[in-house]
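S.K.: Please find target08.txt (compact mmCIF, C-alpha atoms and all ligand atoms) on the next line:
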# COMPACT_ATOMS: atom_id res chain seq x y z
CA MET A 1 106.31 -14.38 173.10
CA SER A 2 108.41 -17.34 174.17
CA PRO A 3 112.10 -18.01 174.09
CA SER A 4 112.92 -19.68 170.80
CA SER A 5 112.36 -23.41 171.06
CA PRO A 6 115.47 -25.50 171.40
CA ASP A 7 116.40 -26.17 167.76
CA ALA A 8 118.21 -29.45 168.33
CA PRO A 9 116.40 -32.52 169.64
CA MET A 10 117.07 -33.16 173.29
CA ASP A 11 120.08 -35.35 174.05
CA ALA A 12 119.67 -38.66 175.85
CA PRO A 13 117.90 -38.27 179.19
CA THR A 14 120.32 -37.08 181.85
CA ASP A 15 119.67 -40.15 184.02
CA ALA A 16 121.04 -42.51 181.36
CA THR A 17 123.58 -44.84 182.95
CA VAL A 18 126.75 -46.43 181.62
CA SER A 19 129.81 -47.95 183.27
CA LYS A 20 133.22 -46.60 182.26
CA CYS A 21 134.96 -49.89 183.25
CA PRO A 22 135.01 -52.47 180.39
CA PHE A 23 134.89 -55.37 182.87
CA LEU A 24 131.88 -54.00 184.67
CA ARG A 25 129.96 -52.62 181.71
CA GLY A 26 126.51 -54.06 181.78
CA SER A 27 126.58 -55.03 185.42
CA VAL A 28 127.22 -51.77 187.32
CA ASN A 29 125.48 -48.49 186.59
CA VAL A 30 127.42 -45.22 186.81
CA PRO A 31 125.45 -42.06 186.07
CA ALA A 32 126.44 -40.66 182.66
CA ALA A 33 127.45 -36.98 182.63
CA ASP A 34 125.18 -34.61 180.73
CA SER A 35 127.28 -33.73 177.68
CA ARG A 36 125.41 -30.53 176.87
CA PRO A 37 126.90 -27.15 177.80
CA ILE A 38 125.36 -25.98 181.08
CA THR A 39 123.70 -23.09 179.23
CA GLN A 40 121.88 -25.47 176.89
CA ARG A 41 120.70 -27.57 179.78
CA LEU A 42 119.53 -24.46 181.66
CA LYS A 43 117.49 -23.32 178.71
CA GLU A 44 116.08 -26.65 177.53
CA ASP A 45 115.32 -28.30 180.84
CA ASN A 46 113.72 -25.22 182.39
CA TRP A 47 111.39 -24.83 179.44
CA ASP A 48 108.39 -26.03 181.46
CA LEU A 49 108.98 -23.48 184.21
CA HIS A 50 109.61 -20.64 181.76
CA GLU A 51 106.26 -21.37 180.13
CA GLN A 52 104.54 -21.02 183.48
CA ALA A 53 106.57 -17.99 184.55
CA GLU A 54 105.68 -16.23 181.31
CA HIS A 55 101.99 -17.14 181.23
CA ASP A 56 100.86 -16.48 184.78
CA ARG A 57 98.40 -13.62 185.35
CA VAL A 58 100.87 -10.98 186.55
CA PRO A 59 103.42 -11.29 183.71
CA GLN A 60 100.59 -11.52 181.18
CA ALA A 61 98.96 -8.35 182.51
CA MET A 62 102.32 -6.61 182.08
CA VAL A 63 103.13 -7.85 178.62
CA ARG A 64 99.64 -6.92 177.42
CA GLY A 65 100.03 -3.44 178.87
CA GLU A 66 97.04 -4.09 181.15
CA MET A 67 98.72 -3.49 184.50
CA SER A 68 98.12 -0.24 186.37
CA ARG A 69 101.03 1.91 187.47
CA GLU A 70 100.01 1.23 191.10
CA GLY A 71 100.15 -2.52 190.48
CA TYR A 72 103.55 -2.19 188.83
CA VAL A 73 104.88 -0.28 191.85
CA GLU A 74 103.65 -3.07 194.17
CA LEU A 75 105.61 -5.56 192.09
CA LEU A 76 108.75 -3.37 192.10
CA LYS A 77 108.55 -3.15 195.91
CA GLN A 78 108.73 -6.91 196.42
CA MET A 79 111.37 -7.28 193.71
CA TRP A 80 113.43 -4.69 195.59
CA VAL A 81 113.10 -6.70 198.81
CA VAL A 82 114.23 -10.01 197.28
CA ASN A 83 116.87 -8.68 194.92
CA ARG A 84 118.48 -6.64 197.66
CA ALA A 85 118.92 -9.89 199.63
CA LEU A 86 120.19 -11.75 196.58
CA ASP A 87 122.67 -8.97 195.69
CA ALA A 88 124.09 -9.02 199.23
CA ALA A 89 124.41 -12.81 199.25
CA LEU A 90 126.18 -12.81 195.86
CA VAL A 91 128.62 -10.06 196.85
CA GLU A 92 129.50 -12.01 199.99
CA ALA A 93 129.85 -15.29 198.05
CA ARG A 94 132.38 -13.80 195.60
CA ALA A 95 135.08 -14.64 198.13
CA SER A 96 134.20 -18.34 198.29
CA THR A 97 132.67 -19.21 194.91
CA PRO A 98 134.86 -18.39 191.88
CA ILE A 99 132.02 -18.45 189.34
CA ILE A 100 130.25 -15.71 191.28
CA ASN A 101 133.44 -13.68 191.47
CA ASP A 102 134.08 -14.11 187.74
CA LEU A 103 130.58 -13.88 186.28
CA VAL A 104 128.53 -11.62 188.56
CA SER A 105 129.51 -8.01 187.90
CA ASP A 106 128.43 -4.97 189.91
CA ARG A 107 126.44 -3.85 186.89
CA GLN A 108 124.34 -7.02 187.17
CA LEU A 109 123.30 -6.31 190.76
CA GLN A 110 119.67 -5.30 190.62
CA GLU A 111 118.88 -3.41 193.83
CA GLN A 112 120.32 -0.22 192.32
CA TYR A 113 117.84 -0.29 189.41
CA LEU A 114 114.86 -1.11 191.61
CA ARG A 115 115.72 1.67 194.09
CA ALA A 116 115.99 4.19 191.23
CA ASP A 117 112.62 3.07 189.81
CA LEU A 118 110.92 3.24 193.20
CA GLU A 119 112.38 6.70 193.89
CA HIS A 120 111.02 7.79 190.52
CA PHE A 121 107.55 6.64 191.62
CA GLY A 122 107.93 8.43 194.98
CA VAL A 123 108.34 5.32 197.16
CA ASP A 124 110.58 5.44 200.23
CA VAL A 125 112.11 1.94 200.29
CA ASN A 126 112.26 2.02 204.09
CA THR A 127 108.46 1.85 204.21
CA ILE A 128 108.10 -1.34 202.15
CA GLU A 129 106.32 -4.24 203.84
CA THR A 130 107.56 -7.69 202.84
CA THR A 131 104.98 -10.20 201.57
CA ASP A 132 105.00 -13.88 202.62
CA ALA A 133 106.33 -15.08 199.26
CA ALA A 134 109.16 -12.52 199.35
CA ARG A 135 110.04 -13.60 202.88
CA THR A 136 110.16 -17.25 201.77
CA MET A 137 112.48 -16.30 198.92
CA ILE A 138 114.80 -14.39 201.27
CA GLU A 139 114.99 -17.44 203.55
CA HIS A 140 115.92 -19.54 200.53
CA VAL A 141 118.66 -17.07 199.53
CA THR A 142 120.04 -17.09 203.07
CA ALA A 143 120.11 -20.89 203.20
CA LEU A 144 121.95 -21.13 199.86
CA ARG A 145 124.40 -18.40 200.82
CA GLU A 146 125.45 -20.53 203.76
CA ARG A 147 125.70 -23.90 202.04
CA ASP A 148 125.77 -23.74 198.23
CA GLY A 149 127.36 -20.93 196.20
CA HIS A 150 126.71 -22.70 192.89
CA ALA A 151 122.98 -22.95 193.55
CA LEU A 152 123.08 -19.27 194.52
CA PHE A 153 124.63 -18.55 191.12
CA GLY A 154 121.71 -20.49 189.56
CA LEU A 155 119.32 -17.98 191.12
CA HIS A 156 121.28 -15.16 189.52
CA TYR A 157 121.24 -16.83 186.08
CA VAL A 158 117.42 -16.71 186.10
CA ARG A 159 117.13 -13.03 186.96
CA GLU A 160 119.83 -12.12 184.41
CA GLY A 161 118.09 -14.22 181.73
CA ALA A 162 114.72 -12.70 182.58
CA ASN A 163 116.04 -9.34 181.32
CA ASN A 164 115.48 -10.70 177.81
CA GLY A 165 111.71 -10.77 178.24
CA ASN A 166 111.59 -7.86 180.68
CA LYS A 167 112.95 -5.50 178.03
CA PHE A 168 109.95 -6.35 175.86
CA VAL A 169 107.58 -5.98 178.84
CA ALA A 170 109.01 -2.49 179.55
CA MET A 171 108.32 -1.48 175.95
CA LYS A 172 104.70 -2.63 176.20
CA LEU A 173 104.07 -0.88 179.52
CA LYS A 174 105.60 2.39 178.32
CA LYS A 175 103.42 2.27 175.23
CA ALA A 176 100.30 1.54 177.30
CA TRP A 177 101.03 4.42 179.69
CA GLY A 178 102.24 6.85 177.03
CA LEU A 179 105.71 7.14 178.56
CA GLU A 180 109.19 7.36 177.10
CA GLY A 181 112.70 7.15 178.51
CA GLU A 182 114.28 5.03 181.20
CA ASP A 183 112.82 6.52 184.37
CA GLY A 184 110.80 3.89 186.23
CA PHE A 185 112.00 1.09 183.92
CA ARG A 186 115.64 0.57 184.84
CA TYR A 187 114.93 -2.76 186.55
CA LEU A 188 113.05 -4.19 183.56
CA ASP A 189 115.58 -2.89 181.05
CA PRO A 190 118.92 -2.21 182.77
CA TYR A 191 121.15 -2.46 179.68
CA GLY A 192 119.08 -0.78 176.95
CA LYS A 193 120.44 -1.45 173.46
CA ASP A 194 123.29 -3.53 174.92
CA GLN A 195 120.89 -6.19 176.28
CA ARG A 196 121.31 -8.78 173.53
CA PRO A 197 125.12 -8.58 173.05
CA LEU A 198 125.69 -8.56 176.81
CA TRP A 199 123.47 -11.63 177.24
CA GLU A 200 125.15 -13.52 174.38
CA ASP A 201 128.60 -12.73 175.73
CA TRP A 202 127.68 -13.70 179.30
CA LYS A 203 126.09 -16.95 178.18
CA ALA A 204 129.21 -17.85 176.18
CA ARG A 205 131.38 -17.24 179.22
CA LEU A 206 129.06 -19.37 181.35
CA ALA A 207 129.09 -22.18 178.77
CA ASP A 208 132.91 -22.24 178.86
CA TYR A 209 133.25 -21.92 182.62
CA PRO A 210 134.97 -24.96 184.19
CA LEU A 211 132.48 -26.66 186.49
CA THR A 212 132.36 -30.17 187.93
CA GLU A 213 129.24 -32.28 187.35
CA PRO A 214 127.98 -31.72 190.93
CA GLN A 215 128.54 -27.97 190.53
CA LYS A 216 126.56 -27.98 187.27
CA ASP A 217 123.77 -29.89 189.01
CA ALA A 218 123.76 -27.29 191.79
CA VAL A 219 123.54 -24.38 189.31
CA PHE A 220 120.67 -26.14 187.57
CA ALA A 221 118.81 -26.90 190.81
CA GLY A 222 119.28 -23.29 191.94
CA ALA A 223 117.85 -22.04 188.64
CA ARG A 224 114.76 -24.22 188.95
CA SER A 225 114.20 -23.04 192.50
CA MET A 226 114.42 -19.41 191.34
CA PHE A 227 111.80 -19.96 188.64
CA GLU A 228 109.53 -21.57 191.24
CA ARG A 229 109.98 -18.75 193.70
CA ILE A 230 109.40 -15.97 191.17
CA ILE A 231 106.24 -17.77 190.06
CA ALA A 232 105.13 -17.93 193.72
CA LEU A 233 105.97 -14.24 194.18
CA HIS A 234 103.88 -13.27 191.15
CA GLN A 235 100.96 -15.41 192.29
CA ASP A 236 101.16 -13.97 195.80
CA LEU A 237 100.99 -10.46 194.30
CA GLU A 238 97.94 -11.07 192.12
CA SER A 239 95.49 -9.36 194.46
CA LEU A 240 97.75 -6.30 194.98
CA ALA A 241 99.23 -5.92 191.50
CA LEU A 242 96.05 -6.67 189.52
CA ALA A 243 93.60 -4.76 191.74
C1 LIG B 301 105.83 -11.86 179.81
C2 LIG B 301 106.83 -12.48 180.36
C3 LIG B 301 108.03 -13.03 179.64
C4 LIG B 301 108.39 -12.97 178.33
C5 LIG B 301 107.65 -12.30 177.20
C6 LIG B 301 109.66 -13.65 178.20
C7 LIG B 301 110.37 -13.78 177.02
C8 LIG B 301 111.67 -14.25 176.92
C9 LIG B 301 112.49 -14.21 175.73
C10 LIG B 301 112.06 -13.63 174.40
C11 LIG B 301 113.67 -14.75 176.02
C12 LIG B 301 114.88 -14.89 175.10
C13 LIG B 301 114.92 -16.28 174.53
C14 LIG B 301 116.13 -16.56 173.65
O1 LIG B 301 117.17 -15.93 173.80
O2 LIG B 301 116.03 -17.45 172.85
C15 LIG B 301 113.62 -15.15 177.42
C16 LIG B 301 114.65 -15.75 178.08
C17 LIG B 301 114.64 -16.04 179.42
N1 LIG B 301 113.62 -15.78 180.31
FE1 LIG B 301 111.82 -15.04 179.85
N2 LIG B 301 110.04 -14.11 179.40
C18 LIG B 301 109.07 -13.74 180.32
C19 LIG B 301 109.06 -14.01 181.66
C20 LIG B 301 110.11 -14.57 182.35
C21 LIG B 301 110.13 -14.76 183.77
C22 LIG B 301 109.02 -14.34 184.73
C23 LIG B 301 111.32 -15.36 184.06
C24 LIG B 301 111.86 -15.80 185.40
C25 LIG B 301 111.13 -16.30 186.36
C26 LIG B 301 112.04 -15.53 182.83
C27 LIG B 301 113.30 -16.10 182.72
C28 LIG B 301 114.02 -16.20 181.54
C29 LIG B 301 115.33 -16.79 181.45
C30 LIG B 301 116.15 -17.38 182.58
C31 LIG B 301 115.73 -16.68 180.12
C32 LIG B 301 117.05 -17.14 179.51
C33 LIG B 301 116.88 -18.49 178.80
C34 LIG B 301 118.21 -18.94 178.27
O3 LIG B 301 118.93 -19.61 179.01
O4 LIG B 301 118.55 -18.60 177.14
N3 LIG B 301 111.27 -15.05 181.80
N4 LIG B 301 112.38 -14.83 177.93
Give the structure from this file in C-alpha cells form.
M.R.:
Amino acid sequence: MSPSSPDAPMDAPTDATVSKCPFLRGSVNVPAADSRPITQRLKEDNWDLHEQAEHDRVPQAMVRGEMSREGYVELLKQMWVVNRALDAALVEARASTPIINDLVSDRQLQEQYLRADLEHFGVDVNTIETTDAARTMIEHVTALRERDGHALFGLHYVREGANNGNKFVAMKLKKAWGLEGEDGFRYLDPYGKDQRPLWEDWKARLADYPLTEPQKDAVFAGARSMFERIIALHQDLESLALA
C-alpha cells in the first residue's frame, strides 16, 4: 500500500524565480517562496523516498507477514537506540525551538513504546549493541540538536507520519504470528483507534504553524535526511532481521 497520490498537480517548481521589485523584474532573480503548506510539500516532495522506504526488503518482509519474531526484535532494538537519542534531543530542544515545544508531545516520544515492546520480548535494553547505521543516525541527531532545531523537527515528522503505515504492518504481523492485543506492538501502533484523527489534527496544526521560508526549508531537509537514514538502517539490518 502507498500513501494516496497527491491529488492536485504539483505547483510550479520550487526553484522558480521572480523579482518582487517592478523596476528590476526581468533582470534580477529572487527565489520565489513555495506557496504550498509545509505539510503538502513534505508529502509530495518526499514521495520518491517514501516509495523506497516502503519497498525495501525489510519493510516488505514485515508488511507481507514474512518476518520472524527474532528478526522483528532485532529491528526493535536498533529503533530503540535511535529513537531514544531522538527523544532526548527533542526534549532538550523544546526550550530553544518553539515548534518542538508546541508540536512534540510526551505521548509522541517513542522510546517508551519500544522499551515496553522489548521488555515484552524479554530483552534487557542495557544489552543492546548499536549497529553502524544506528550510530550514524545518532551522530546526525546530535549534530542537528546543536545547530538546527527545525531540521530536528523534520526528523520527528517522519517517524510520526510513519505510524500511518506501521499500524497496518502491525496488523499483518499479528495475523501472521497468530497474536492479538497490544503487547509487543506499541511502537508500531502507539495510538490504536486514535491514529487517524490524531494524525489529521497534528498535520493541520503543522500546516498552520508560523514558519519562515528558511525554517520550512530546514524542516523539509531534516525530513529527507530522516527518510534516508531509516532506509539505511533497514538495509543495514537485512542480514540480521531477515535471517
Ligand atoms: C510497509 C511499509 C509502509 C507502508 C505500507 C506505508 C504506508 C503509508 C500510508 C498508508 C500512509 C498514509 C498516507 C496518507 O495519509 O495519505 C503513510 C504515510 C507516511 N509514511 Fe509510510 N508506509 C510504509 C513505510 C514507511 C517508512 C519506512 C517511513 C519512514 C521512513 C514512512 C513514512 C511515512 C510518512 C512520513 C508518512 C506521512 C506522509 C504525509 O505527510 O502525509 N512510511 N505511509
S.K.: Just how far from atom C27 of ligand LIG 301 (chain B) is CA of Leu198 (chain A), in Å to one decimal?
M.R.: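 One can read the CA of Leu198 (chain A) to atom C27 of ligand LIG 301 (chain B) distance as 15.7 Å.
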S.K.: Do you know which residues are within 9 Å of ligand LIG 301 (chain B) using all atoms listed in the file? Can you write them as a PDB file with C-alpha atoms, in the coordinates of the input?
M.R.:
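The resulting file, selection_32.pdb, is shown below:
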ATOM      1  CA  MET A   1     106.310 -14.380 173.100  1.00  0.00           C
ATOM      2  CA  SER A   2     108.410 -17.340 174.170  1.00  0.00           C
ATOM      3  CA  PRO A   3     112.100 -18.010 174.090  1.00  0.00           C
ATOM      4  CA  SER A   4     112.920 -19.680 170.800  1.00  0.00           C
ATOM      5  CA  SER A   5     112.360 -23.410 171.060  1.00  0.00           C
ATOM      6  CA  PRO A   6     115.470 -25.500 171.400  1.00  0.00           C
ATOM      7  CA  THR A  39     123.700 -23.090 179.230  1.00  0.00           C
ATOM      8  CA  GLN A  40     121.880 -25.470 176.890  1.00  0.00           C
ATOM      9  CA  ARG A  41     120.700 -27.570 179.780  1.00  0.00           C
ATOM     10  CA  LEU A  42     119.530 -24.460 181.660  1.00  0.00           C
ATOM     11  CA  LYS A  43     117.490 -23.320 178.710  1.00  0.00           C
ATOM     12  CA  GLU A  44     116.080 -26.650 177.530  1.00  0.00           C
ATOM     13  CA  ASN A  46     113.720 -25.220 182.390  1.00  0.00           C
ATOM     14  CA  TRP A  47     111.390 -24.830 179.440  1.00  0.00           C
ATOM     15  CA  LEU A  49     108.980 -23.480 184.210  1.00  0.00           C
ATOM     16  CA  HIS A  50     109.610 -20.640 181.760  1.00  0.00           C
ATOM     17  CA  GLU A  51     106.260 -21.370 180.130  1.00  0.00           C
ATOM     18  CA  GLN A  52     104.540 -21.020 183.480  1.00  0.00           C
ATOM     19  CA  ALA A  53     106.570 -17.990 184.550  1.00  0.00           C
ATOM     20  CA  GLU A  54     105.680 -16.230 181.310  1.00  0.00           C
ATOM     21  CA  HIS A  55     101.990 -17.140 181.230  1.00  0.00           C
ATOM     22  CA  ASP A  56     100.860 -16.480 184.780  1.00  0.00           C
ATOM     23  CA  VAL A  58     100.870 -10.980 186.550  1.00  0.00           C
ATOM     24  CA  PRO A  59     103.420 -11.290 183.710  1.00  0.00           C
ATOM     25  CA  GLN A  60     100.590 -11.520 181.180  1.00  0.00           C
ATOM     26  CA  ALA A  61      98.960  -8.350 182.510  1.00  0.00           C
ATOM     27  CA  MET A  62     102.320  -6.610 182.080  1.00  0.00           C
ATOM     28  CA  VAL A  63     103.130  -7.850 178.620  1.00  0.00           C
ATOM     29  CA  ARG A  64      99.640  -6.920 177.420  1.00  0.00           C
ATOM     30  CA  HIS A 156     121.280 -15.160 189.520  1.00  0.00           C
ATOM     31  CA  TYR A 157     121.240 -16.830 186.080  1.00  0.00           C
ATOM     32  CA  VAL A 158     117.420 -16.710 186.100  1.00  0.00           C
ATOM     33  CA  ARG A 159     117.130 -13.030 186.960  1.00  0.00           C
ATOM     34  CA  GLU A 160     119.830 -12.120 184.410  1.00  0.00           C
ATOM     35  CA  GLY A 161     118.090 -14.220 181.730  1.00  0.00           C
ATOM     36  CA  ALA A 162     114.720 -12.700 182.580  1.00  0.00           C
ATOM     37  CA  ASN A 163     116.040  -9.340 181.320  1.00  0.00           C
ATOM     38  CA  ASN A 164     115.480 -10.700 177.810  1.00  0.00           C
ATOM     39  CA  GLY A 165     111.710 -10.770 178.240  1.00  0.00           C
ATOM     40  CA  ASN A 166     111.590  -7.860 180.680  1.00  0.00           C
ATOM     41  CA  LYS A 167     112.950  -5.500 178.030  1.00  0.00           C
ATOM     42  CA  PHE A 168     109.950  -6.350 175.860  1.00  0.00           C
ATOM     43  CA  VAL A 169     107.580  -5.980 178.840  1.00  0.00           C
ATOM     44  CA  ARG A 196     121.310  -8.780 173.530  1.00  0.00           C
ATOM     45  CA  TRP A 199     123.470 -11.630 177.240  1.00  0.00           C
ATOM     46  CA  GLU A 200     125.150 -13.520 174.380  1.00  0.00           C
ATOM     47  CA  LYS A 203     126.090 -16.950 178.180  1.00  0.00           C
ATOM     48  CA  ALA A 223     117.850 -22.040 188.640  1.00  0.00           C
ATOM     49  CA  MET A 226     114.420 -19.410 191.340  1.00  0.00           C
ATOM     50  CA  PHE A 227     111.800 -19.960 188.640  1.00  0.00           C
ATOM     51  CA  GLU A 228     109.530 -21.570 191.240  1.00  0.00           C
ATOM     52  CA  ARG A 229     109.980 -18.750 193.700  1.00  0.00           C
ATOM     53  CA  ILE A 230     109.400 -15.970 191.170  1.00  0.00           C
ATOM     54  CA  ILE A 231     106.240 -17.770 190.060  1.00  0.00           C
ATOM     55  CA  HIS A 234     103.880 -13.270 191.150  1.00  0.00           C
TER      56      HIS A 234
END
S.K.: CA of Thr127 (chain A) to CA of Leu155 (chain A): how many Å, to one decimal?
M.R.: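 Computing it gives 26.1 Å between the two atoms.
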S.K.: Rounded to one decimal, what separation in Å do you get between CA of Asp132 (chain A) and CA of Gly71 (chain A)?
M.R.: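 We find that CA of Asp132 (chain A) and CA of Gly71 (chain A) lie 17.3 Å from each other.
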S.K.: I'd like the neighbourhood of Val123 (chain A) as a ChimeraX atom specification, where a residue qualifies if any of its atoms comes within 12 Å (using all atoms listed in the file), though same-chain residues fewer than 4 positions away should be ignored.
M.R.: /A:70,73-74,76-77,80,114-119,127-129,184
